Amino acid sequence: MFLASDSKYLSDNQWYMPYNELLSAFNWEIIGYSSEERPILTTTLGSGPRSMCLWAGMHGNETTGVYMLLALIDLYTRKKIDLSEFSLHIIPVINPDAYVRYTRRNGLSIDLNRDFRAFQTIESAKLIGWIKMKSPELSFNLHDQRSIFHVNELPAYTSFLVPSSEETRTVTPMRRGVMNRLGNALASLEVSLDGIGRYSDEYYPTAVGDYLMGQGIPNVLFESGVSLGDFERMKARLFGLNSIVAILKASNTPSAVYDELPQNTKGLLEWVFTGVLYARMRVDIAVKRVYYVNGHAQGMYYVVDELGDLAARPRMQETLGEAMALSAPLIIGQPITAEFGTIAFENGILVS
Ligand SMILES: [Zn+2]
């Protein structure tokens with residue numbers, strides 16, 4: 001297994017690399033242009049007979065998979081990884097217009113992952129053409145999940161899905177084979193699977209993974225997430241890379257490991273102040289961080305996430321607020337300005 005120190009792309013705490021920097025990071029080929037004419041980059045590692053496709057950055061504000069792929073290329077070019085059996089076809093960012101804006105949707109406000117039936121965007125059409133041309137044995141669809149997803153009381157730092165190919169979610173032999181292969185890979189990592197979840201297999205006819213399964217192209221979805229104290233998703237980055245390598249090498253002999261992963265659920269709060277006196281009420285107040293990129297500037301601020309009786313919701317961090325009072329009204333989704341006892345936020349910035 002790789003260690004965080006084996007590649008700067010696994011260890012440095014950056015969570016966003018400007019697209020210009022990414023362009024010059026390796027000797028990429030260009031396979032086309034986005035709707036705003038940004039180059040869509042690709043490379044192939046190895047020249048073995050077993051074809052694999054891996055892509056990230058379908059949603060521009062989901063960057064963990066981008067770093068996983070950069071680390072994979074970096075380790076391969078430094079001969080730290082043997083891929084002689086394989087040809088790994090990689091697109092690090094399939095949606096560069098969203099990536100430069102750090103948004104989910106492309107430059108024309110279309111969510112690519114809802115366009116894999118109509119194929120109206122340049123980017124979705126390009127991706128599908130590329131995959132079909134490579135006819136991969138398996139493909140890897142790398143995304144990030146929101147921090148509300150959890151398994152048991154822990155943040156889900158990685159969730160996997162072997163998608164359905166139709167409404168009834170039949171486990172076809174092909175789908176079973178990918179589930180087995182993923183299960184064998186996870187077992188081979190010999191690590192605790194606490195915090196690893198299984199994503200809902202509800203059928204989304206316009207999502208890329210579901211579409212590919214329907215076309216007989218096996219694929220697995222990675223959803224990288226936060227872990228406690230790790231909002232840059234460094235743990236998911238390393239685990240994801242190790243999982244990719246393990247999946248490449250795993251067989252599809254029967255395994256129940258994937259089936260036994262707990263399904264991830266929504267509802268995890270980030271930081272809750274309990275029982276705060278607010279407008280003559282006693283309420284729980286949850287805040288969460290929001291990351292942003294604006295040109296060369298990038299950063300994070302806190303917004304008001306939820307107010308009210310939050311006792312039933314799991315949380316990553318809790319501060320007893322009984323001795324605290326707030327005078328100014330709070331607005332959901334807005335940067336928070338408030339003093340909770342000794343903890344003060346000003347326009348979303350934690351100042352003390
Ligand atoms: Zn996504």
# chains A, B, ... in the order shown; residues from 1 in each chain; ligands from 1
$ select_by_dssp --residues "segment 72-295 of chain A" --states "strand (DSSP E)" --output "VMD selection string"
chain A and resid 86 to 91 138 to 144 150 to 151 154 to 155 158 to 161 196 to 198 219 to 224 269 to 278 281 to 294
$ residues_around --residues "Phe149 of chain A" --least-positions-apart "4" --cutoff "6 Å" --atoms "only C-alpha atoms" --output "PyMOL selection string"
chain A and resi 156+265-266
$ residues_around --residues "Gly225 of chain A" --least-positions-apart "3" --cutoff "10 Å" --atoms "only C-alpha atoms" --output "list of chain:residue names"
A:Glu62, A:Thr64, A:His143, A:Asp144, A:Gln145, A:Arg146, A:Ser147, A:Ile148, A:Phe149, A:His150, A:Pro155, A:Ala156, A:Tyr157, A:Thr158, A:Ser159, A:Gly195, A:Ile196, A:Phe222, A:Asp230, A:Phe231, A:Glu232, A:Arg233, A:Met234, A:Lys235, A:Ala236, A:Arg237
$ closest_atom_pairs --of "chain A" --to "ligand 1" --cutoff "10 Å" --atoms "only C-alpha atoms and all ligand atoms" --output "tab-separated table"
residue	atom	partner	partner_atom_place_in_ligand_line	distance
A:Ala56	CA	ligand 1	1 (Zn)	8.8
A:Gly57	CA	ligand 1	1 (Zn)	7.8
A:Met58	CA	ligand 1	1 (Zn)	6.3
A:His59	CA	ligand 1	1 (Zn)	4.9
A:Gly60	CA	ligand 1	1 (Zn)	8.2
A:Asn61	CA	ligand 1	1 (Zn)	8.1
A:Glu62	CA	ligand 1	1 (Zn)	6.3
A:Thr63	CA	ligand 1	1 (Zn)	9.5
A:Gly65	CA	ligand 1	1 (Zn)	10.0
A:Arg104	CA	ligand 1	1 (Zn)	7.3
A:Arg105	CA	ligand 1	1 (Zn)	9.7
A:Asp111	CA	ligand 1	1 (Zn)	9.3
A:Leu112	CA	ligand 1	1 (Zn)	9.3
A:Asn113	CA	ligand 1	1 (Zn)	7.5
A:Asn141	CA	ligand 1	1 (Zn)	9.1
A:Leu142	CA	ligand 1	1 (Zn)	7.6
A:His143	CA	ligand 1	1 (Zn)	4.4
A:Asp144	CA	ligand 1	1 (Zn)	5.5
A:Gln145	CA	ligand 1	1 (Zn)	6.8
A:Arg146	CA	ligand 1	1 (Zn)	9.2
A:Leu221	CA	ligand 1	1 (Zn)	9.6
A:Phe222	CA	ligand 1	1 (Zn)	9.2
A:Glu223	CA	ligand 1	1 (Zn)	7.5
A:Ser224	CA	ligand 1	1 (Zn)	9.4
$ residues_around --residues "Tyr203 of chain A" --least-positions-apart "3" --cutoff "9 Å" --atoms "only C-alpha atoms" --output "JSON, numbers by chain"
{"A": [163, 164, 165, 166, 167, 168, 169, 200, 206, 207, 210]}
$ closest_residue --among "A:Lys126, A:Arg175, A:His296, A:Arg114" --to "Tyr102 of chain A" --atoms "only C-alpha atoms"
A:His296
$ closest_residue --among "A:Val226, A:Ile110, A:Ile336, A:Leu307" --to "Tyr278 of chain A" --atoms "only C-alpha atoms"
A:Leu307
$ closest_residue --among "A:Asp305, A:Leu189, A:Leu268, A:Val245" --to "Ile73 of chain A" --atoms "only C-alpha atoms"
A:Val245
$ atom_distance --atom1 "atom CA of Leu248 of chain A" --atom2 "atom CA of Pro18 of chain A"
29.4 Å
$ atom_distance --atom1 "atom CA of Asn152 of chain A" --atom2 "atom CA of Gly177 of chain A"
27.2 Å
$ select_by_dssp --residues "segment 21-161 of chain A" --states "helix (DSSP H, G or I)" --output "PyMOL selection string"
chain A and resi 21-23+64-77+96-101+112-114+122-134
$ write_last_selection --atoms "C-alpha atoms" --output "PDB file, in the first residue's frame"
ATOM      1  CA  GLU A  21      -0.990  24.433 -12.804  1.00  0.00           C
ATOM      2  CA  LEU A  22      -2.639  21.110 -13.554  1.00  0.00           C
ATOM      3  CA  LEU A  23      -2.014  21.686 -17.269  1.00  0.00           C
ATOM      4  CA  THR A  64     -10.264  14.473  -4.208  1.00  0.00           C
ATOM      5  CA  GLY A  65     -10.394  12.176  -7.241  1.00  0.00           C
ATOM      6  CA  VAL A  66      -8.270  14.642  -9.216  1.00  0.00           C
ATOM      7  CA  TYR A  67      -5.523  14.311  -6.591  1.00  0.00           C
ATOM      8  CA  MET A  68      -5.876  10.524  -6.552  1.00  0.00           C
ATOM      9  CA  LEU A  69      -5.252  10.441 -10.304  1.00  0.00           C
ATOM     10  CA  LEU A  70      -2.344  12.912 -10.093  1.00  0.00           C
ATOM     11  CA  ALA A  71      -0.775  10.703  -7.424  1.00  0.00           C
ATOM     12  CA  LEU A  72      -1.301   7.608  -9.565  1.00  0.00           C
ATOM     13  CA  ILE A  73       0.422   9.255 -12.552  1.00  0.00           C
ATOM     14  CA  ASP A  74       3.197  10.584 -10.318  1.00  0.00           C
ATOM     15  CA  LEU A  75       3.879   7.164  -8.766  1.00  0.00           C
ATOM     16  CA  TYR A  76       3.803   5.488 -12.171  1.00  0.00           C
ATOM     17  CA  THR A  77       6.221   7.968 -13.751  1.00  0.00           C
ATOM     18  CA  PRO A  96     -12.825  22.009 -16.656  1.00  0.00           C
ATOM     19  CA  ASP A  97     -15.326  24.896 -16.896  1.00  0.00           C
ATOM     20  CA  ALA A  98     -16.865  23.773 -13.595  1.00  0.00           C
ATOM     21  CA  TYR A  99     -13.429  23.096 -12.150  1.00  0.00           C
ATOM     22  CA  VAL A 100     -12.174  26.652 -12.694  1.00  0.00           C
ATOM     23  CA  ARG A 101     -15.344  27.979 -11.044  1.00  0.00           C
ATOM     24  CA  LEU A 112     -23.028  16.539 -16.541  1.00  0.00           C
ATOM     25  CA  ASN A 113     -24.076  13.630 -14.370  1.00  0.00           C
ATOM     26  CA  ARG A 114     -27.694  14.187 -15.435  1.00  0.00           C
ATOM     27  CA  ILE A 122     -19.725  18.564 -25.202  1.00  0.00           C
ATOM     28  CA  GLU A 123     -18.157  17.111 -22.065  1.00  0.00           C
ATOM     29  CA  SER A 124     -20.539  14.180 -21.540  1.00  0.00           C
ATOM     30  CA  ALA A 125     -20.434  13.283 -25.242  1.00  0.00           C
ATOM     31  CA  LYS A 126     -16.633  13.446 -25.188  1.00  0.00           C
ATOM     32  CA  LEU A 127     -16.391  11.239 -22.098  1.00  0.00           C
ATOM     33  CA  ILE A 128     -18.686   8.559 -23.460  1.00  0.00           C
ATOM     34  CA  GLY A 129     -16.944   8.509 -26.846  1.00  0.00           C
ATOM     35  CA  TRP A 130     -13.596   8.098 -25.104  1.00  0.00           C
ATOM     36  CA  ILE A 131     -14.813   5.280 -22.855  1.00  0.00           C
ATOM     37  CA  LYS A 132     -16.405   3.357 -25.716  1.00  0.00           C
ATOM     38  CA  MET A 133     -13.263   3.738 -27.801  1.00  0.00           C
ATOM     39  CA  LYS A 134     -11.142   2.297 -24.969  1.00  0.00           C
TER      40      LYS A 134
END
$ atom_distance --atom1 "atom CA of Val293 of chain A" --atom2 "atom CA of Gln14 of chain A"
12.2 Å
$ closest_residue --among "A:Leu161, A:Val276, A:Ile332, A:Leu154" --to "Pro314 of chain A" --atoms "only C-alpha atoms"
A:Leu154
$ decode --residues "segment 303-332 of chain A" --atoms "N, CA and C atoms" --output "PDB file, in the first residue's frame"
ATOM      1  N   VAL A 303     -20.878  28.786   7.560  1.00  0.00           N
ATOM      2  CA  VAL A 303     -22.233  29.302   7.373  1.00  0.00           C
ATOM      3  C   VAL A 303     -23.163  28.675   8.409  1.00  0.00           C
ATOM      4  N   VAL A 304     -24.305  29.336   8.612  1.00  0.00           N
ATOM      5  CA  VAL A 304     -25.359  28.778   9.459  1.00  0.00           C
ATOM      6  C   VAL A 304     -25.961  27.606   8.690  1.00  0.00           C
ATOM      7  N   ASP A 305     -25.962  26.428   9.305  1.00  0.00           N
ATOM      8  CA  ASP A 305     -26.449  25.236   8.612  1.00  0.00           C
ATOM      9  C   ASP A 305     -27.876  24.901   9.033  1.00  0.00           C
ATOM     10  N   GLU A 306     -28.144  24.905  10.338  1.00  0.00           N
ATOM     11  CA  GLU A 306     -29.477  24.524  10.823  1.00  0.00           C
ATOM     12  C   GLU A 306     -29.685  25.104  12.214  1.00  0.00           C
ATOM     13  N   LEU A 307     -30.952  25.367  12.538  1.00  0.00           N
ATOM     14  CA  LEU A 307     -31.335  25.900  13.849  1.00  0.00           C
ATOM     15  C   LEU A 307     -32.516  25.106  14.368  1.00  0.00           C
ATOM     16  N   GLY A 308     -32.622  24.932  15.677  1.00  0.00           N
ATOM     17  CA  GLY A 308     -33.811  24.281  16.236  1.00  0.00           C
ATOM     18  C   GLY A 308     -33.425  23.138  17.152  1.00  0.00           C
ATOM     19  N   ASP A 309     -34.306  22.150  17.249  1.00  0.00           N
ATOM     20  CA  ASP A 309     -34.038  20.976  18.080  1.00  0.00           C
ATOM     21  C   ASP A 309     -33.277  19.966  17.221  1.00  0.00           C
ATOM     22  N   LEU A 310     -31.982  19.898  17.416  1.00  0.00           N
ATOM     23  CA  LEU A 310     -31.135  19.045  16.581  1.00  0.00           C
ATOM     24  C   LEU A 310     -30.658  17.808  17.336  1.00  0.00           C
ATOM     25  N   ALA A 311     -31.326  17.522  18.478  1.00  0.00           N
ATOM     26  CA  ALA A 311     -30.838  16.443  19.353  1.00  0.00           C
ATOM     27  C   ALA A 311     -30.719  15.102  18.640  1.00  0.00           C
ATOM     28  N   ALA A 312     -31.586  14.869  17.644  1.00  0.00           N
ATOM     29  CA  ALA A 312     -31.585  13.553  16.997  1.00  0.00           C
ATOM     30  C   ALA A 312     -30.520  13.418  15.919  1.00  0.00           C
ATOM     31  N   ARG A 313     -29.851  14.498  15.596  1.00  0.00           N
ATOM     32  CA  ARG A 313     -28.905  14.452  14.467  1.00  0.00           C
ATOM     33  C   ARG A 313     -27.487  14.194  14.969  1.00  0.00           C
ATOM     34  N   PRO A 314     -26.777  13.227  14.355  1.00  0.00           N
ATOM     35  CA  PRO A 314     -25.385  13.023  14.741  1.00  0.00           C
ATOM     36  C   PRO A 314     -24.531  14.237  14.343  1.00  0.00           C
ATOM     37  N   ARG A 315     -23.416  14.417  15.018  1.00  0.00           N
ATOM     38  CA  ARG A 315     -22.569  15.571  14.745  1.00  0.00           C
ATOM     39  C   ARG A 315     -21.102  15.213  14.946  1.00  0.00           C
ATOM     40  N   MET A 316     -20.233  15.972  14.262  1.00  0.00           N
ATOM     41  CA  MET A 316     -18.798  15.717  14.392  1.00  0.00           C
ATOM     42  C   MET A 316     -18.224  16.411  15.615  1.00  0.00           C
ATOM     43  N   GLN A 317     -18.809  17.545  15.967  1.00  0.00           N
ATOM     44  CA  GLN A 317     -18.281  18.327  17.080  1.00  0.00           C
ATOM     45  C   GLN A 317     -19.441  19.009  17.784  1.00  0.00           C
ATOM     46  N   GLU A 318     -19.343  19.077  19.121  1.00  0.00           N
ATOM     47  CA  GLU A 318     -20.440  19.696  19.873  1.00  0.00           C
ATOM     48  C   GLU A 318     -19.863  20.606  20.941  1.00  0.00           C
ATOM     49  N   THR A 319     -20.498  21.766  21.115  1.00  0.00           N
ATOM     50  CA  THR A 319     -20.097  22.686  22.172  1.00  0.00           C
ATOM     51  C   THR A 319     -21.334  23.006  22.999  1.00  0.00           C
ATOM     52  N   LEU A 320     -21.233  22.817  24.300  1.00  0.00           N
ATOM     53  CA  LEU A 320     -22.360  23.090  25.202  1.00  0.00           C
ATOM     54  C   LEU A 320     -22.623  24.594  25.225  1.00  0.00           C
ATOM     55  N   GLY A 321     -23.841  24.984  24.817  1.00  0.00           N
ATOM     56  CA  GLY A 321     -24.110  26.418  24.648  1.00  0.00           C
ATOM     57  C   GLY A 321     -25.025  27.011  25.693  1.00  0.00           C
ATOM     58  N   GLU A 322     -25.242  26.266  26.794  1.00  0.00           N
ATOM     59  CA  GLU A 322     -26.248  26.723  27.776  1.00  0.00           C
ATOM     60  C   GLU A 322     -25.972  28.107  28.342  1.00  0.00           C
ATOM     61  N   ALA A 323     -24.713  28.454  28.431  1.00  0.00           N
ATOM     62  CA  ALA A 323     -24.378  29.768  28.978  1.00  0.00           C
ATOM     63  C   ALA A 323     -24.250  30.828  27.885  1.00  0.00           C
ATOM     64  N   MET A 324     -24.678  30.475  26.676  1.00  0.00           N
ATOM     65  CA  MET A 324     -24.477  31.401  25.555  1.00  0.00           C
ATOM     66  C   MET A 324     -25.792  32.041  25.126  1.00  0.00           C
ATOM     67  N   ALA A 325     -25.698  33.265  24.653  1.00  0.00           N
ATOM     68  CA  ALA A 325     -26.877  33.958  24.130  1.00  0.00           C
ATOM     69  C   ALA A 325     -26.498  34.654  22.830  1.00  0.00           C
ATOM     70  N   LEU A 326     -27.441  34.633  21.885  1.00  0.00           N
ATOM     71  CA  LEU A 326     -27.214  35.329  20.620  1.00  0.00           C
ATOM     72  C   LEU A 326     -28.247  36.426  20.485  1.00  0.00           C
ATOM     73  N   SER A 327     -27.833  37.577  20.017  1.00  0.00           N
ATOM     74  CA  SER A 327     -28.786  38.676  19.866  1.00  0.00           C
ATOM     75  C   SER A 327     -29.162  38.905  18.409  1.00  0.00           C
ATOM     76  N   ALA A 328     -28.211  38.740  17.482  1.00  0.00           N
ATOM     77  CA  ALA A 328     -28.530  39.021  16.075  1.00  0.00           C
ATOM     78  C   ALA A 328     -29.200  37.818  15.424  1.00  0.00           C
ATOM     79  N   PRO A 329     -30.164  38.038  14.523  1.00  0.00           N
ATOM     80  CA  PRO A 329     -30.797  36.916  13.831  1.00  0.00           C
ATOM     81  C   PRO A 329     -29.816  36.182  12.912  1.00  0.00           C
ATOM     82  N   LEU A 330     -30.061  34.902  12.742  1.00  0.00           N
ATOM     83  CA  LEU A 330     -29.197  34.087  11.890  1.00  0.00           C
ATOM     84  C   LEU A 330     -29.959  33.724  10.620  1.00  0.00           C
ATOM     85  N   ILE A 331     -29.247  33.591   9.534  1.00  0.00           N
ATOM     86  CA  ILE A 331     -29.889  33.232   8.264  1.00  0.00           C
ATOM     87  C   ILE A 331     -29.217  31.978   7.712  1.00  0.00           C
ATOM     88  N   ILE A 332     -30.050  30.953   7.465  1.00  0.00           N
ATOM     89  CA  ILE A 332     -29.526  29.674   6.955  1.00  0.00           C
ATOM     90  C   ILE A 332     -28.747  29.900   5.663  1.00  0.00           C
TER      91      ILE A 332
END
